[in-house]
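J.: The structure's right below; bear with me while I get my questions together.
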Amino acid sequence: MLISFLLLWTAAALCTTLRGNRAVGGRWLSHHRWHGIPVSWKVQKKRSRRDNTHIARVSSITLSRLNFARGILALSLEATCIDVELPTNGGYVSECMKNSTQKFKLNGGETLTLKQGWDGRPGHTGTSVWQSGKALAAYMEDLGPEFWSDKKVIELGCGTGLGSLTAHWLGAAEVLATDGNVDVLDLAEENIKSNRCHNRSQSSTIRTVNLKWGGSLPLELQKEWDIVIGSDLTYNGQVWIQLAETVAQLLDSNPACKFLYCSAKHAQFSAELSGFQTVIESKGLRWTNETTLVLPGTKQSASIAWIVRSDVI
């Protein structure tokens, strides 16, 4: 009897929490159930400084299309860890980031198992999967394989390689995972080797390259790119200028090239995106179509924006 009561009380508390989360930042656009648990995913488009498009709430991203988001929730349940980033030592960390691996299920049913190496040391933040990386991958999946098919994609600050592997599995012709830390890059290389799509044609490639931001691009990167991706790169304001310079050079390779960037919102870094946006615009680039994603089952959200050359309409 006592056990039954506790189970009912826990379920009621969980449902109350999730209902409370639905009200954060505005009304939810879609509601779904996963293993009996109500889950919602919200998308809100915001006006950028130079973008005159109206602010609109859109339902283009729903959990029914985002099996990847279900994978994020499944991870939290299966790993018995709390997948919420909490303040610690001037930064943030979640319990799931400390696990030796994290697993993700893609829309096609494939499972990615990413090795992690969290040790809390400065410069090693890329050895774990952050919420912003998951939000970026989910957004990428929602764009669909047709969007990524035959694209040449380069990731900045690839960390464990989740973004690059997502582009690879979605059909990108070439994916280059870059990071400035050789230890992090070794981890990404290991994850790429163990999660590579072996059914992809021989013309499809995914590999890693060490890249320090700022200065001239290495010769092998001086080519046309279609999409640049990155997540959680701007928490340190001291690298904004170097990052913006590298982004500008990559976008100059192809007038149609765009930078898809995602950053989780944390109170401790409230001026992060606005500061980086100012630097981006000083380099002749434009911040457009900013979107807010609320992560399933949490009160945390992430901002996603497309950055283009200022002369691109």
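Residue numbers start at 1 in each chain; chains themselves are named A, B, ... in the order of the structure tokens; ligands are numbered from 1 in the order shown.
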Please provide as a list in words all residues within 6 Å of segment 157-171 of chain A, with the sequence filter that same-chain residues fewer than 4 positions apart are discarded (counting only C-alpha atoms).
T.: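 My list of contacting residues is Gly126, Thr127, Ala137, Pro145, Trp148, Ser149, Ala177, Thr178, Asp179, Val184 and Ala188 of chain A.
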J.: Work out how far atom CA of Leu176 of chain A is from atom CA of Leu156 of chain A, in Å to one decimal.
T.: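 Going from atom CA of Leu156 of chain A over to atom CA of Leu176 of chain A covers 8.8 Å.
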J.: Would you compute the distance between atom CA of Trp213 of chain A and atom CA of Ser128 of chain A? Give it in Å to one decimal.
T.: 20.7 Å
J.: Taking the DSSP assignment computed from this structure's backbone, write out as a PyMOL selection string all residues of segment 139-278 of chain A that belong to helix (DSSP H, G or I).
T.: chain A and resi 139-143+145-148+162-169+182-195+219-221+237-252+267-269+272-278
J.: What's around Lys103 of chain A at 7 Å? Count only C-alpha atoms, leave out sequence neighbours fewer than 2 positions away in its own chain, and write the answer as a PDB file with N, CA and C atoms, in the first residue's frame.
T.:
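Final file, out_24.pdb:
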ATOM      1  N   LEU A  75      17.739   9.366 -22.458  1.00  0.00           N
ATOM      2  CA  LEU A  75      19.076   9.347 -21.865  1.00  0.00           C
ATOM      3  C   LEU A  75      18.991   9.648 -20.379  1.00  0.00           C
ATOM      4  N   THR A 101      29.753   7.701 -20.835  1.00  0.00           N
ATOM      5  CA  THR A 101      29.157   7.775 -22.179  1.00  0.00           C
ATOM      6  C   THR A 101      27.781   8.438 -22.091  1.00  0.00           C
ATOM      7  N   LYS A 105      19.439   8.726 -29.782  1.00  0.00           N
ATOM      8  CA  LYS A 105      18.743   8.011 -30.839  1.00  0.00           C
ATOM      9  C   LYS A 105      18.343   8.985 -31.927  1.00  0.00           C
ATOM     10  N   THR A 111      21.449   4.591 -33.111  1.00  0.00           N
ATOM     11  CA  THR A 111      21.880   5.035 -31.791  1.00  0.00           C
ATOM     12  C   THR A 111      23.347   5.439 -31.830  1.00  0.00           C
ATOM     13  N   LEU A 112      23.642   6.636 -31.359  1.00  0.00           N
ATOM     14  CA  LEU A 112      25.018   7.100 -31.236  1.00  0.00           C
ATOM     15  C   LEU A 112      25.438   6.951 -29.775  1.00  0.00           C
ATOM     16  N   THR A 113      26.575   6.316 -29.553  1.00  0.00           N
ATOM     17  CA  THR A 113      27.130   6.191 -28.207  1.00  0.00           C
ATOM     18  C   THR A 113      28.415   6.994 -28.159  1.00  0.00           C
ATOM     19  N   LEU A 114      28.379   8.108 -27.439  1.00  0.00           N
ATOM     20  CA  LEU A 114      29.520   9.009 -27.401  1.00  0.00           C
ATOM     21  C   LEU A 114      30.280   8.870 -26.093  1.00  0.00           C
TER      22      LEU A 114
END
J.: Which residues, written as a CSV table (one decimal) with all heavy atoms, in the first residue's frame, have at least one atom at most 7 Å from segment 242-247 of chain A, with only C-alpha atoms counted and residues fewer than 4 positions away on the same chain left out?
T.:
chain,number,residue,atom,x,y,z
A,213,TRP,N,41.3,29.3,-33.5
A,213,TRP,CA,40.6,30.5,-34.1
A,213,TRP,C,41.5,31.7,-34.2
A,213,TRP,O,42.5,31.9,-33.5
A,213,TRP,CB,39.4,30.8,-33.2
A,213,TRP,CG,38.4,29.7,-33.1
A,213,TRP,CD1,38.2,28.7,-33.9
A,213,TRP,CD2,37.5,29.5,-32.0
A,213,TRP,NE1,37.3,27.8,-33.5
A,213,TRP,CE2,36.8,28.3,-32.2
A,213,TRP,CE3,37.3,30.2,-30.8
A,213,TRP,CZ2,35.8,27.8,-31.4
A,213,TRP,CZ3,36.3,29.7,-29.9
A,213,TRP,CH2,35.6,28.5,-30.2
A,214,GLY,N,41.2,32.5,-35.2
A,214,GLY,CA,42.0,33.7,-35.5
A,214,GLY,C,43.1,33.4,-36.4
A,214,GLY,O,43.6,32.3,-36.6
A,251,LEU,N,32.8,32.0,-44.1
A,251,LEU,CA,31.6,32.4,-44.8
A,251,LEU,C,32.0,33.1,-46.1
A,251,LEU,O,31.3,33.1,-47.1
A,251,LEU,CB,30.8,33.4,-44.0
A,251,LEU,CG,30.1,32.8,-42.7
A,251,LEU,CD1,29.1,33.8,-42.1
A,251,LEU,CD2,29.5,31.5,-43.0
A,279,VAL,N,30.2,41.7,-31.8
A,279,VAL,CA,31.5,41.4,-32.4
A,279,VAL,C,31.3,40.9,-33.8
A,279,VAL,O,32.0,41.2,-34.8
A,279,VAL,CB,32.3,40.4,-31.6
A,279,VAL,CG1,33.6,40.0,-32.3
A,279,VAL,CG2,32.7,41.0,-30.2
A,280,ILE,N,30.3,40.0,-34.0
A,280,ILE,CA,30.0,39.4,-35.3
A,280,ILE,C,29.7,40.5,-36.3
A,280,ILE,O,30.1,40.5,-37.4
A,280,ILE,CB,28.8,38.4,-35.1
A,280,ILE,CG1,29.3,37.1,-34.7
A,280,ILE,CG2,28.0,38.3,-36.4
A,280,ILE,CD1,30.1,36.3,-35.7
A,283,LYS,N,32.4,42.5,-37.8
A,283,LYS,CA,33.2,41.8,-38.8
A,283,LYS,C,32.4,41.7,-40.2
A,283,LYS,O,32.8,40.9,-41.0
A,283,LYS,CB,33.6,40.3,-38.3
A,283,LYS,CG,34.4,40.3,-37.1
A,283,LYS,CD,35.8,41.0,-37.3
A,283,LYS,CE,36.6,41.0,-36.0
A,283,LYS,NZ,37.9,41.7,-36.2
J.: Quick one: pull the distance between atom CA of Asp119 of chain A and atom CA of Lys134 of chain A, Å, one decimal.
T.: 20.1 Å
